Amino acid sequence: MEIASGKGDLPPLTEKGRGRYSLIIYENLLKYAHADTWNRQLLHQYCTEYRVGIIGFYRSTENSPPLLKLRGLPLVLRTNQALWDCCVVSSSPLLHLTKPGTDRGALPGEDWTSFSSNHSTYQAVLHARAKDGAGAGSGDNPGPGFSLGLQATVVQDMGLYDGVRRVLFGQGLGYWLHRLILVDAISYLTNRKLTLGLDRHILVDIDDIFVGKEGTRMNTKDVKVLLDTQRQLRSQISNFTFNLGFSGKFYHTGAQHPSGHGLRRCPSPLRASIRFTCSCTRLGDVCGTSRSPALKSTPTLNLPATARASSTTTSCSTRFCFELRNRIRFFRWQLRCSSTCTSKISIFMTHLSNYGNDRLGLYTFVHLASFLRSWTNLKLHTLPPLQLAHKYFQLFPEQRNPLWQNPCDDKRHKDIWSKEKTCDRLPKFMVIGPQKTGTTALYLFLLMHPSISSNFPSPKTYEEVQFFNTNNYHKGIDWYMEFFPVPSNVTTDFLFEKSANYFPSEESPRRAAALLPKAKIITLLINPSDRAYSWYQHQRAHEDHAALQFTFYDVISARPGAPADLRSLQSRCLIPGLYSTHLERWLTYYPANQVMIIDGHQLRTDPATVMDEVQKFLGVTPHFNYSQALTFDPQKGFWCQLLEGGKTKCLGKSKGRKYPPMEPEAHAYLSRYYREHNVELSKLLHRLGQPLPSWLREELQKVR
Ligand SMILES: Nc1ncnc2c1ncn2[C@@H]1O[C@H](COP(=O)(O)OS(=O)(=O)O)[C@@H](OP(=O)(O)O)[C@H]1O
């Protein structure tokens, strides 16, 4: 979906000869009607060529003229009307989910717009009676789809006039029938490409079934009525079963006797008829996300909060009833349509007090079911929670992957976060790579600072945690936090992690930003050709079969049909060097002022200056004097930590390897390969107001 600017300019409609949009929606029909001739022609051409329809909404204002002609269409709009008895026209070809019927009474507001036309291309979808008797019957000559004396508030243009199919609404989506018709209009105009189908699954969860205060708990009569309602609902939703949840804490603790106190245990004959599910935070296999879908790291199937149609909580029962009473009204006119009609799976999280006191919960669901039966062709189903969860992830496979967020960023999450836990065991900044750019040297230098510390080592990946880019992510945030010490002073201590594979990873920026939105991000860039060569040498040192067998030139120039191990080595050499692509991805999730781009060549030749800039960027104190703490080790050929007594601590043999220089042929190949990407990188750095590293300037010279 793309939201176009309100200025009237059209976004590009095609890409590589293919249409980019299946449907165009104008929130304000006048923007469409008043579009300049060029844009309008372009749009019409696109709509006819790609068989794309248009939906438009007209909302009257006090300044609207009473009668309005839409430019270029044989259509007259009559604005600011009060209307009654809205009727769904049974012959409308658009109807799919919506059943014909009449919504009796006054329509909300007195600002309705109706459409009339002489052309057979228009058919009424909804029409209503004018309060004052004015309208099509009083002067206008109604077209074939229009009934005399009735005002068409939604019309369908069959495309017979100019080849474009449209559905036009004479008001917004505040009116519940408009929402139903919109679902059908989208499906119709996209030739069912964007369709929701007619199957809907409903699950009603009644939580904390034994927790209510005395006098509000369910008594035996309440349970019997609950069962009667369940039976009644089964006539519309096969096998419908209420799901009762309890925490276990209150089970078996009270009397079964209903005299004034209500149930603390369910009478055993009834238990067989109602499905009990245990509290998801403790025992369950599946949970309907009562509060914190992002927090669970136990092996449960957590549905995202969007699966929830509505929820109440257990605390003050009077507030509940009030909330629920309002909710019912809300249900009647709005929520019923927007959630249950448009969500394939609706989970209603309700509580004991919606059933044990005035039984408003039952009232709601009986009405919901009868509303859906009267107004829609939906087929209602239910499934036990675990099966429903599987169904959910079958329908929405992209939601299988969790996105962990910081539990302490949301008060509700923080309140239920274990007392023994802290959110301070998370990094304040990250060195994200890419590999072979000097990340280990930077890591070592950072650790020399008295206020900076890193994670504990991983038995598998040593100093790198590699959480955001691998399956470790599915081990959850508890697993991640265990790698970090509890800081002795949260404000002054800087925890960080360095995982050099985060940089080119598709998933990492989104995941990192969800958990660590305020973190600072440090990346190092060297000439991507040198980076590629260093990786090749790294793999040779690790006796990688392809690296030993093939020359560097063979690797970088391998063709698509080459052996898999060669192709895999090739992409590990080349892909991380597409710097602008990866950086743009990080910059869509992190603001530019949280991202520092270091010239890796400068870190190698002048580390003290770079480390001063890093300290400034992080805002870390006290200032650490790296010019005194680092020294150049001629034997190693790199800068190293200066220890007491003049000794040095350098990186191991695997960093700063000795290998022959790159063949000129490979050099030339890579300069060509990275040319465009380097140009893009220079534009990006320019946009960020950052200086160009010397290696990039040299590469750009070659372009000219
Ligand atoms: N001070 C210091 N000491 C040693 N090495 C240094 C230093 N500064 C930068 N470099 C360069 O760092 C290159 C290795 O980069 P990384 O640490 O990012 O490699 S890795 O991704 O962690 O394997 C390594 O690459 P190679 O020369 O190819 O081994 C070095 O060139």
# chains A, B, ... in the order shown; residues from 1 in each chain; ligands from 1
$ residues_near_ligand --ligand "ligand 1" --cutoff "6 Å" --atoms "only C-alpha atoms and all ligand atoms" --output "ChimeraX atom specification"
/A:435-441,500,534,604,638-640,651,655-657
$ select_by_dssp --residues "segment 509-644 of chain A" --states "strand (DSSP E or B)" --output "PyMOL selection string"
chain A and resi 520-525+595-599+630-633+638-642
$ write_last_selection --atoms "N, CA, C and O atoms" --output "PDB file, in the first residue's frame"
ATOM      1  N   LYS A 520      23.014   3.396  19.934  1.00  0.00           N
ATOM      2  CA  LYS A 520      23.824   4.009  18.880  1.00  0.00           C
ATOM      3  C   LYS A 520      24.472   2.891  18.081  1.00  0.00           C
ATOM      4  O   LYS A 520      24.793   1.826  18.617  1.00  0.00           O
ATOM      5  N   ILE A 521      24.627   3.172  16.812  1.00  0.00           N
ATOM      6  CA  ILE A 521      25.084   2.145  15.880  1.00  0.00           C
ATOM      7  C   ILE A 521      26.400   2.613  15.262  1.00  0.00           C
ATOM      8  O   ILE A 521      26.472   3.729  14.747  1.00  0.00           O
ATOM      9  N   ILE A 522      27.406   1.755  15.337  1.00  0.00           N
ATOM     10  CA  ILE A 522      28.697   2.114  14.731  1.00  0.00           C
ATOM     11  C   ILE A 522      29.031   1.122  13.627  1.00  0.00           C
ATOM     12  O   ILE A 522      28.967  -0.095  13.823  1.00  0.00           O
ATOM     13  N   THR A 523      29.354   1.675  12.470  1.00  0.00           N
ATOM     14  CA  THR A 523      29.758   0.816  11.361  1.00  0.00           C
ATOM     15  C   THR A 523      31.104   1.309  10.819  1.00  0.00           C
ATOM     16  O   THR A 523      31.429   2.490  10.931  1.00  0.00           O
ATOM     17  N   LEU A 524      31.872   0.378  10.282  1.00  0.00           N
ATOM     18  CA  LEU A 524      33.200   0.702   9.754  1.00  0.00           C
ATOM     19  C   LEU A 524      33.203   0.373   8.270  1.00  0.00           C
ATOM     20  O   LEU A 524      32.745  -0.703   7.882  1.00  0.00           O
ATOM     21  N   LEU A 525      33.746   1.253   7.465  1.00  0.00           N
ATOM     22  CA  LEU A 525      33.799   0.952   6.038  1.00  0.00           C
ATOM     23  C   LEU A 525      35.233   1.080   5.532  1.00  0.00           C
ATOM     24  O   LEU A 525      35.899   2.081   5.823  1.00  0.00           O
ATOM     25  N   VAL A 595      23.639   6.969  14.131  1.00  0.00           N
ATOM     26  CA  VAL A 595      24.500   6.077  13.344  1.00  0.00           C
ATOM     27  C   VAL A 595      25.840   6.766  13.075  1.00  0.00           C
ATOM     28  O   VAL A 595      25.875   7.899  12.594  1.00  0.00           O
ATOM     29  N   MET A 596      26.938   6.079  13.399  1.00  0.00           N
ATOM     30  CA  MET A 596      28.270   6.628  13.115  1.00  0.00           C
ATOM     31  C   MET A 596      28.963   5.748  12.073  1.00  0.00           C
ATOM     32  O   MET A 596      29.004   4.526  12.211  1.00  0.00           O
ATOM     33  N   ILE A 597      29.474   6.411  11.044  1.00  0.00           N
ATOM     34  CA  ILE A 597      30.166   5.665   9.990  1.00  0.00           C
ATOM     35  C   ILE A 597      31.652   5.995  10.093  1.00  0.00           C
ATOM     36  O   ILE A 597      32.049   7.145   9.897  1.00  0.00           O
ATOM     37  N   ILE A 598      32.436   4.991  10.409  1.00  0.00           N
ATOM     38  CA  ILE A 598      33.876   5.218  10.597  1.00  0.00           C
ATOM     39  C   ILE A 598      34.623   4.764   9.350  1.00  0.00           C
ATOM     40  O   ILE A 598      34.288   3.737   8.756  1.00  0.00           O
ATOM     41  N   ASP A 599      35.639   5.533   8.984  1.00  0.00           N
ATOM     42  CA  ASP A 599      36.526   5.124   7.893  1.00  0.00           C
ATOM     43  C   ASP A 599      37.512   4.097   8.476  1.00  0.00           C
ATOM     44  O   ASP A 599      38.370   4.449   9.300  1.00  0.00           O
ATOM     45  N   LEU A 630      47.707   3.884  23.124  1.00  0.00           N
ATOM     46  CA  LEU A 630      47.990   3.045  21.955  1.00  0.00           C
ATOM     47  C   LEU A 630      49.389   3.328  21.428  1.00  0.00           C
ATOM     48  O   LEU A 630      49.887   4.453  21.546  1.00  0.00           O
ATOM     49  N   THR A 631      49.986   2.319  20.838  1.00  0.00           N
ATOM     50  CA  THR A 631      51.294   2.523  20.229  1.00  0.00           C
ATOM     51  C   THR A 631      51.399   1.683  18.961  1.00  0.00           C
ATOM     52  O   THR A 631      50.748   0.638  18.854  1.00  0.00           O
ATOM     53  N   PHE A 632      52.210   2.158  18.017  1.00  0.00           N
ATOM     54  CA  PHE A 632      52.361   1.382  16.780  1.00  0.00           C
ATOM     55  C   PHE A 632      53.410   0.292  17.008  1.00  0.00           C
ATOM     56  O   PHE A 632      54.504   0.562  17.485  1.00  0.00           O
ATOM     57  N   ASP A 633      53.029  -0.937  16.723  1.00  0.00           N
ATOM     58  CA  ASP A 633      53.960  -2.059  16.904  1.00  0.00           C
ATOM     59  C   ASP A 633      54.546  -2.416  15.539  1.00  0.00           C
ATOM     60  O   ASP A 633      53.841  -2.964  14.680  1.00  0.00           O
ATOM     61  N   PHE A 638      50.742  -2.888  13.048  1.00  0.00           N
ATOM     62  CA  PHE A 638      49.455  -2.266  13.389  1.00  0.00           C
ATOM     63  C   PHE A 638      49.569  -1.571  14.736  1.00  0.00           C
ATOM     64  O   PHE A 638      50.504  -1.813  15.511  1.00  0.00           O
ATOM     65  N   TRP A 639      48.566  -0.734  15.025  1.00  0.00           N
ATOM     66  CA  TRP A 639      48.500  -0.104  16.338  1.00  0.00           C
ATOM     67  C   TRP A 639      47.999  -1.125  17.356  1.00  0.00           C
ATOM     68  O   TRP A 639      47.116  -1.920  17.064  1.00  0.00           O
ATOM     69  N   CYS A 640      48.617  -1.058  18.559  1.00  0.00           N
ATOM     70  CA  CYS A 640      48.273  -2.026  19.610  1.00  0.00           C
ATOM     71  C   CYS A 640      48.139  -1.299  20.944  1.00  0.00           C
ATOM     72  O   CYS A 640      48.549  -0.132  21.071  1.00  0.00           O
ATOM     73  N   GLN A 641      47.625  -2.009  21.945  1.00  0.00           N
ATOM     74  CA  GLN A 641      47.486  -1.424  23.283  1.00  0.00           C
ATOM     75  C   GLN A 641      48.868  -1.393  23.948  1.00  0.00           C
ATOM     76  O   GLN A 641      49.600  -2.394  23.905  1.00  0.00           O
ATOM     77  N   LEU A 642      49.198  -0.249  24.540  1.00  0.00           N
ATOM     78  CA  LEU A 642      50.491  -0.121  25.217  1.00  0.00           C
ATOM     79  C   LEU A 642      50.318  -0.579  26.667  1.00  0.00           C
ATOM     80  O   LEU A 642      49.489  -0.037  27.404  1.00  0.00           O
TER      81      LEU A 642
END
$ residues_around --residues "Pro384 of chain A" --least-positions-apart "4" --cutoff "9 Å" --atoms "only C-alpha atoms" --output "PDB file with N, CA, C and O atoms, in the first residue's frame"
ATOM      1  N   LEU A 203     -13.205 -17.045  18.631  1.00  0.00           N
ATOM      2  CA  LEU A 203     -12.931 -17.750  19.878  1.00  0.00           C
ATOM      3  C   LEU A 203     -13.237 -16.785  21.023  1.00  0.00           C
ATOM      4  O   LEU A 203     -12.824 -15.622  20.972  1.00  0.00           O
ATOM      5  N   THR A 241     -17.648 -23.257  21.601  1.00  0.00           N
ATOM      6  CA  THR A 241     -17.375 -23.595  23.003  1.00  0.00           C
ATOM      7  C   THR A 241     -16.655 -22.435  23.670  1.00  0.00           C
ATOM      8  O   THR A 241     -15.658 -21.947  23.142  1.00  0.00           O
ATOM      9  N   ASN A 243     -14.177 -20.737  26.113  1.00  0.00           N
ATOM     10  CA  ASN A 243     -12.907 -21.188  26.693  1.00  0.00           C
ATOM     11  C   ASN A 243     -12.687 -20.522  28.030  1.00  0.00           C
ATOM     12  O   ASN A 243     -12.597 -19.300  28.096  1.00  0.00           O
ATOM     13  N   ARG A 275     -14.762 -25.699  27.711  1.00  0.00           N
ATOM     14  CA  ARG A 275     -13.339 -25.994  27.547  1.00  0.00           C
ATOM     15  C   ARG A 275     -12.513 -25.148  28.514  1.00  0.00           C
ATOM     16  O   ARG A 275     -12.634 -23.924  28.551  1.00  0.00           O
ATOM     17  N   LEU A 388      -6.527 -23.256  16.624  1.00  0.00           N
ATOM     18  CA  LEU A 388      -6.784 -21.928  16.060  1.00  0.00           C
ATOM     19  C   LEU A 388      -5.463 -21.171  15.857  1.00  0.00           C
ATOM     20  O   LEU A 388      -5.278 -20.472  14.855  1.00  0.00           O
ATOM     21  N   ALA A 389      -4.549 -21.362  16.797  1.00  0.00           N
ATOM     22  CA  ALA A 389      -3.250 -20.708  16.667  1.00  0.00           C
ATOM     23  C   ALA A 389      -2.522 -21.230  15.429  1.00  0.00           C
ATOM     24  O   ALA A 389      -1.940 -20.457  14.660  1.00  0.00           O
TER      25      ALA A 389
END
$ closest_residue --among "A:Ala547, A:Cys408, A:Leu97, A:Leu583" --to "Ile432 of chain A" --atoms "only C-alpha atoms"
A:Leu583
$ residues_around --residues "Thr61 of chain A" --least-positions-apart "4" --cutoff "10 Å" --atoms "only C-alpha atoms" --output "list in words"
Pro65, Thr79, Asn80, Asp111 and Trp112 of chain A
$ residues_around --residues "segment 155-162 of chain A" --least-positions-apart "2" --cutoff "6 Å" --atoms "only C-alpha atoms" --output "list in words"
Thr121, Tyr122, Gln123, Ala124, Val125, Val164, Arg165, Arg166, Val167 and Leu168 of chain A
$ write_last_selection --atoms "N, CA, C and O atoms" --output "short mmCIF file (atom, residue, chain, number, x, y, z; two decimals), in the first residue's frame"
data_model
loop_
_atom_site.label_atom_id
_atom_site.label_comp_id
_atom_site.auth_asym_id
_atom_site.auth_seq_id
_atom_site.Cartn_x
_atom_site.Cartn_y
_atom_site.Cartn_z
N THR A 121 -24.34 3.19 -16.80
CA THR A 121 -23.13 2.66 -16.17
C THR A 121 -23.25 2.67 -14.65
O THR A 121 -22.55 1.94 -13.97
N TYR A 122 -24.14 3.54 -14.12
CA TYR A 122 -24.24 3.65 -12.66
C TYR A 122 -25.37 2.81 -12.09
O TYR A 122 -26.48 2.80 -12.61
N GLN A 123 -25.04 2.12 -10.99
CA GLN A 123 -26.03 1.33 -10.26
C GLN A 123 -25.94 1.73 -8.80
O GLN A 123 -24.83 1.89 -8.28
N ALA A 124 -27.08 1.85 -8.15
CA ALA A 124 -27.04 2.16 -6.72
C ALA A 124 -26.64 0.91 -5.95
O ALA A 124 -27.08 -0.20 -6.27
N VAL A 125 -25.80 1.09 -4.93
CA VAL A 125 -25.44 -0.03 -4.04
C VAL A 125 -26.19 0.13 -2.73
O VAL A 125 -26.75 -0.81 -2.18
N VAL A 164 -13.62 2.87 -17.03
CA VAL A 164 -13.06 2.76 -15.68
C VAL A 164 -14.17 2.37 -14.70
O VAL A 164 -15.24 2.99 -14.69
N ARG A 165 -13.90 1.36 -13.89
CA ARG A 165 -14.90 0.94 -12.90
C ARG A 165 -14.63 1.67 -11.59
O ARG A 165 -13.49 1.83 -11.18
N ARG A 166 -15.72 2.13 -10.98
CA ARG A 166 -15.56 2.92 -9.74
C ARG A 166 -16.63 2.53 -8.74
O ARG A 166 -17.71 2.07 -9.13
N VAL A 167 -16.35 2.80 -7.47
CA VAL A 167 -17.38 2.75 -6.44
C VAL A 167 -17.26 4.05 -5.66
O VAL A 167 -16.17 4.40 -5.18
N LEU A 168 -18.34 4.79 -5.57
CA LEU A 168 -18.29 6.12 -4.95
C LEU A 168 -19.20 6.16 -3.72
O LEU A 168 -20.35 5.71 -3.76
#
$ residues_around --residues "Leu352 of chain A" --least-positions-apart "4" --cutoff "8 Å" --atoms "only C-alpha atoms" --output "list in words"
Ile206, Asp207, Asp208, Ile209, Phe210, Val211, Gly212, Arg217, Met218, Thr314 and Gly356 of chain A
$ write_last_selection --atoms "N, CA, C and O atoms" --output "CSV table (one decimal), in the first residue's frame"
chain,number,residue,atom,x,y,z
A,206,ILE,N,-12.9,-16.7,28.3
A,206,ILE,CA,-13.3,-16.1,29.6
A,206,ILE,C,-12.2,-16.3,30.6
A,206,ILE,O,-12.0,-17.4,31.0
A,207,ASP,N,-11.6,-15.2,31.0
A,207,ASP,CA,-10.4,-15.4,31.8
A,207,ASP,C,-10.7,-15.2,33.3
A,207,ASP,O,-11.7,-14.7,33.6
A,208,ASP,N,-9.7,-15.7,34.1
A,208,ASP,CA,-9.8,-15.5,35.5
A,208,ASP,C,-11.2,-15.9,36.1
A,208,ASP,O,-11.8,-15.2,36.9
A,209,ILE,N,-11.5,-17.1,35.7
A,209,ILE,CA,-12.9,-17.6,35.9
A,209,ILE,C,-13.2,-17.7,37.4
A,209,ILE,O,-14.4,-17.7,37.8
A,210,PHE,N,-12.2,-17.8,38.3
A,210,PHE,CA,-12.5,-17.9,39.7
A,210,PHE,C,-12.1,-16.7,40.5
A,210,PHE,O,-12.0,-16.7,41.7
A,211,VAL,N,-11.8,-15.6,39.9
A,211,VAL,CA,-11.1,-14.5,40.6
A,211,VAL,C,-12.0,-13.4,41.1
A,211,VAL,O,-11.6,-12.7,42.0
A,212,GLY,N,-13.2,-13.3,40.6
A,212,GLY,CA,-14.0,-12.1,41.0
A,212,GLY,C,-14.2,-12.0,42.5
A,212,GLY,O,-14.1,-12.9,43.2
A,217,ARG,N,-18.9,-13.2,41.5
A,217,ARG,CA,-18.5,-14.5,40.9
A,217,ARG,C,-19.7,-15.2,40.3
A,217,ARG,O,-20.8,-14.9,40.6
A,218,MET,N,-19.4,-16.1,39.4
A,218,MET,CA,-20.5,-16.8,38.7
A,218,MET,C,-21.1,-17.8,39.7
A,218,MET,O,-20.4,-18.5,40.5
A,314,THR,N,-9.3,-8.0,34.4
A,314,THR,CA,-9.9,-8.3,35.7
A,314,THR,C,-9.4,-7.3,36.6
A,314,THR,O,-8.2,-7.2,36.9
A,356,GLY,N,-20.6,-13.2,35.3
A,356,GLY,CA,-21.0,-13.6,36.6
A,356,GLY,C,-21.9,-12.6,37.2
A,356,GLY,O,-22.5,-12.8,38.3
$ residues_around --residues "Leu43 of chain A" --least-positions-apart "5" --cutoff "12 Å" --atoms "only C-alpha atoms" --output "ChimeraX atom specification"
/A:8-14,19,21,23-25,32-33,35-38,48-54,163-164
$ write_last_selection --atoms "N, CA, C and O atoms" --output "short mmCIF file (atom, residue, chain, number, x, y, z; two decimals), in the first residue's frame"
data_model
loop_
_atom_site.label_atom_id
_atom_site.label_comp_id
_atom_site.auth_asym_id
_atom_site.auth_seq_id
_atom_site.Cartn_x
_atom_site.Cartn_y
_atom_site.Cartn_z
N GLY A 8 -1.73 16.05 -5.16
CA GLY A 8 -2.36 15.73 -6.44
C GLY A 8 -1.41 15.07 -7.41
O GLY A 8 -1.82 14.58 -8.45
N ASP A 9 -0.09 15.06 -7.08
CA ASP A 9 0.84 14.38 -7.99
C ASP A 9 0.63 12.88 -7.89
O ASP A 9 0.43 12.35 -6.80
N LEU A 10 0.73 12.23 -9.02
CA LEU A 10 0.58 10.76 -8.99
C LEU A 10 1.93 10.12 -8.75
O LEU A 10 2.94 10.55 -9.31
N PRO A 11 1.99 9.08 -7.91
CA PRO A 11 3.25 8.34 -7.80
C PRO A 11 3.44 7.54 -9.09
O PRO A 11 2.48 7.35 -9.86
N PRO A 12 4.67 7.04 -9.37
CA PRO A 12 4.83 6.23 -10.58
C PRO A 12 3.85 5.05 -10.55
O PRO A 12 3.76 4.34 -9.55
N LEU A 13 3.10 4.88 -11.64
CA LEU A 13 2.05 3.85 -11.64
C LEU A 13 2.57 2.50 -12.13
O LEU A 13 1.97 1.46 -11.83
N THR A 14 3.67 2.54 -12.89
CA THR A 14 4.19 1.26 -13.40
C THR A 14 5.66 1.12 -13.04
O THR A 14 6.35 2.10 -12.74
N GLY A 19 2.08 -2.99 -13.65
CA GLY A 19 1.30 -2.05 -12.85
C GLY A 19 1.67 -2.19 -11.37
O GLY A 19 1.87 -3.29 -10.89
N TYR A 21 -0.19 -0.84 -8.80
CA TYR A 21 -1.35 -0.79 -7.89
C TYR A 21 -2.52 -1.59 -8.45
O TYR A 21 -2.78 -1.56 -9.64
N LEU A 23 -5.56 -1.15 -7.04
CA LEU A 23 -6.74 -0.35 -6.73
C LEU A 23 -6.28 1.05 -6.34
O LEU A 23 -5.24 1.22 -5.72
N ILE A 24 -7.08 2.05 -6.74
CA ILE A 24 -6.76 3.43 -6.34
C ILE A 24 -7.90 3.93 -5.47
O ILE A 24 -9.08 3.81 -5.84
N ILE A 25 -7.57 4.46 -4.30
CA ILE A 25 -8.62 4.98 -3.41
C ILE A 25 -8.41 6.48 -3.21
O ILE A 25 -7.33 6.90 -2.80
N TYR A 32 -9.82 13.87 -7.05
CA TYR A 32 -9.88 13.11 -8.30
C TYR A 32 -10.56 13.96 -9.37
O TYR A 32 -10.04 14.12 -10.48
N ALA A 33 -11.70 14.54 -9.00
CA ALA A 33 -12.45 15.30 -9.98
C ALA A 33 -11.67 16.53 -10.47
O ALA A 33 -11.73 16.89 -11.64
N ALA A 35 -8.35 16.86 -10.50
CA ALA A 35 -6.97 16.58 -10.95
C ALA A 35 -6.75 17.21 -12.32
O ALA A 35 -7.68 17.28 -13.13
N ASP A 36 -5.52 17.68 -12.59
CA ASP A 36 -5.31 18.32 -13.89
C ASP A 36 -5.45 17.28 -15.01
O ASP A 36 -5.32 16.07 -14.78
N THR A 37 -5.74 17.78 -16.19
CA THR A 37 -6.10 16.90 -17.30
C THR A 37 -5.02 15.84 -17.55
O THR A 37 -5.34 14.66 -17.77
N TRP A 38 -3.77 16.24 -17.46
CA TRP A 38 -2.65 15.32 -17.73
C TRP A 38 -2.70 14.13 -16.75
O TRP A 38 -2.68 12.96 -17.14
N THR A 48 -7.60 1.63 -17.31
CA THR A 48 -8.18 0.80 -18.38
C THR A 48 -7.20 -0.27 -18.83
O THR A 48 -7.58 -1.43 -19.01
N GLU A 49 -5.91 0.11 -18.94
CA GLU A 49 -4.92 -0.85 -19.42
C GLU A 49 -4.73 -2.00 -18.45
O GLU A 49 -4.61 -3.16 -18.83
N TYR A 50 -4.68 -1.67 -17.14
CA TYR A 50 -4.39 -2.72 -16.14
C TYR A 50 -5.65 -3.20 -15.41
O TYR A 50 -5.55 -3.92 -14.43
N ARG A 51 -6.80 -2.78 -15.89
CA ARG A 51 -8.09 -3.13 -15.27
C ARG A 51 -8.11 -2.86 -13.76
O ARG A 51 -8.35 -3.73 -12.92
N VAL A 52 -7.79 -1.62 -13.45
CA VAL A 52 -7.72 -1.20 -12.05
C VAL A 52 -8.90 -0.27 -11.78
O VAL A 52 -9.21 0.61 -12.57
N GLY A 53 -9.58 -0.47 -10.65
CA GLY A 53 -10.75 0.33 -10.31
C GLY A 53 -10.40 1.48 -9.37
O GLY A 53 -9.30 1.56 -8.83
N ILE A 54 -11.38 2.37 -9.19
CA ILE A 54 -11.19 3.54 -8.32
C ILE A 54 -12.31 3.57 -7.28
O ILE A 54 -13.48 3.37 -7.61
N GLY A 163 -14.81 3.24 -19.47
CA GLY A 163 -13.93 2.07 -19.32
C GLY A 163 -13.34 1.91 -17.93
O GLY A 163 -12.63 0.95 -17.67
N VAL A 164 -13.62 2.87 -17.03
CA VAL A 164 -13.06 2.76 -15.68
C VAL A 164 -14.17 2.37 -14.70
O VAL A 164 -15.24 2.99 -14.69
#
$ select_by_dssp --residues "segment 434-496 of chain A" --states "alpha helix (DSSP H)" --output "number ranges by chain"
A: 439-447, 476-481
$ write_last_selection --atoms "N, CA and C atoms" --output "PDB file, in the first residue's frame"
ATOM      1  N   THR A 439      36.797  -4.411  12.810  1.00  0.00           N
ATOM      2  CA  THR A 439      35.848  -4.411  13.935  1.00  0.00           C
ATOM      3  C   THR A 439      36.496  -4.934  15.225  1.00  0.00           C
ATOM      4  N   THR A 440      37.432  -5.893  15.106  1.00  0.00           N
ATOM      5  CA  THR A 440      38.028  -6.451  16.323  1.00  0.00           C
ATOM      6  C   THR A 440      38.972  -5.432  16.965  1.00  0.00           C
ATOM      7  N   ALA A 441      39.668  -4.679  16.110  1.00  0.00           N
ATOM      8  CA  ALA A 441      40.547  -3.632  16.643  1.00  0.00           C
ATOM      9  C   ALA A 441      39.692  -2.593  17.384  1.00  0.00           C
ATOM     10  N   LEU A 442      38.593  -2.195  16.778  1.00  0.00           N
ATOM     11  CA  LEU A 442      37.720  -1.217  17.422  1.00  0.00           C
ATOM     12  C   LEU A 442      37.186  -1.780  18.741  1.00  0.00           C
ATOM     13  N   TYR A 443      36.820  -3.046  18.732  1.00  0.00           N
ATOM     14  CA  TYR A 443      36.305  -3.723  19.924  1.00  0.00           C
ATOM     15  C   TYR A 443      37.348  -3.662  21.050  1.00  0.00           C
ATOM     16  N   LEU A 444      38.590  -3.999  20.704  1.00  0.00           N
ATOM     17  CA  LEU A 444      39.668  -3.993  21.704  1.00  0.00           C
ATOM     18  C   LEU A 444      39.888  -2.578  22.248  1.00  0.00           C
ATOM     19  N   PHE A 445      39.906  -1.602  21.365  1.00  0.00           N
ATOM     20  CA  PHE A 445      40.148  -0.229  21.793  1.00  0.00           C
ATOM     21  C   PHE A 445      39.010   0.261  22.696  1.00  0.00           C
ATOM     22  N   LEU A 446      37.781  -0.083  22.344  1.00  0.00           N
ATOM     23  CA  LEU A 446      36.639   0.352  23.165  1.00  0.00           C
ATOM     24  C   LEU A 446      36.742  -0.213  24.578  1.00  0.00           C
ATOM     25  N   LEU A 447      37.169  -1.468  24.681  1.00  0.00           N
ATOM     26  CA  LEU A 447      37.245  -2.118  25.996  1.00  0.00           C
ATOM     27  C   LEU A 447      38.305  -1.474  26.891  1.00  0.00           C
ATOM     28  N   GLY A 476      15.077 -15.716  22.418  1.00  0.00           N
ATOM     29  CA  GLY A 476      14.394 -14.715  23.235  1.00  0.00           C
ATOM     30  C   GLY A 476      15.323 -13.726  23.913  1.00  0.00           C
ATOM     31  N   ILE A 477      14.686 -12.702  24.517  1.00  0.00           N
ATOM     32  CA  ILE A 477      15.514 -11.630  25.075  1.00  0.00           C
ATOM     33  C   ILE A 477      16.162 -12.027  26.396  1.00  0.00           C
ATOM     34  N   ASP A 478      15.573 -12.987  27.102  1.00  0.00           N
ATOM     35  CA  ASP A 478      16.240 -13.459  28.322  1.00  0.00           C
ATOM     36  C   ASP A 478      17.609 -14.023  27.965  1.00  0.00           C
ATOM     37  N   TRP A 479      17.608 -14.814  26.910  1.00  0.00           N
ATOM     38  CA  TRP A 479      18.853 -15.428  26.441  1.00  0.00           C
ATOM     39  C   TRP A 479      19.872 -14.350  26.103  1.00  0.00           C
ATOM     40  N   TYR A 480      19.404 -13.317  25.424  1.00  0.00           N
ATOM     41  CA  TYR A 480      20.295 -12.224  25.001  1.00  0.00           C
ATOM     42  C   TYR A 480      20.844 -11.477  26.224  1.00  0.00           C
ATOM     43  N   MET A 481      19.927 -11.157  27.134  1.00  0.00           N
ATOM     44  CA  MET A 481      20.339 -10.350  28.292  1.00  0.00           C
ATOM     45  C   MET A 481      21.357 -11.071  29.173  1.00  0.00           C
TER      46      MET A 481
END
$ closest_residue --among "A:Arg531, A:Arg672, A:His119, A:His601" --to "Leu75 of chain A" --atoms "only C-alpha atoms"
A:His119
$ closest_residue --among "A:Leu688, A:Leu574, A:Met448, A:Leu362" --to "Lys224 of chain A" --atoms "only C-alpha atoms"
A:Leu362
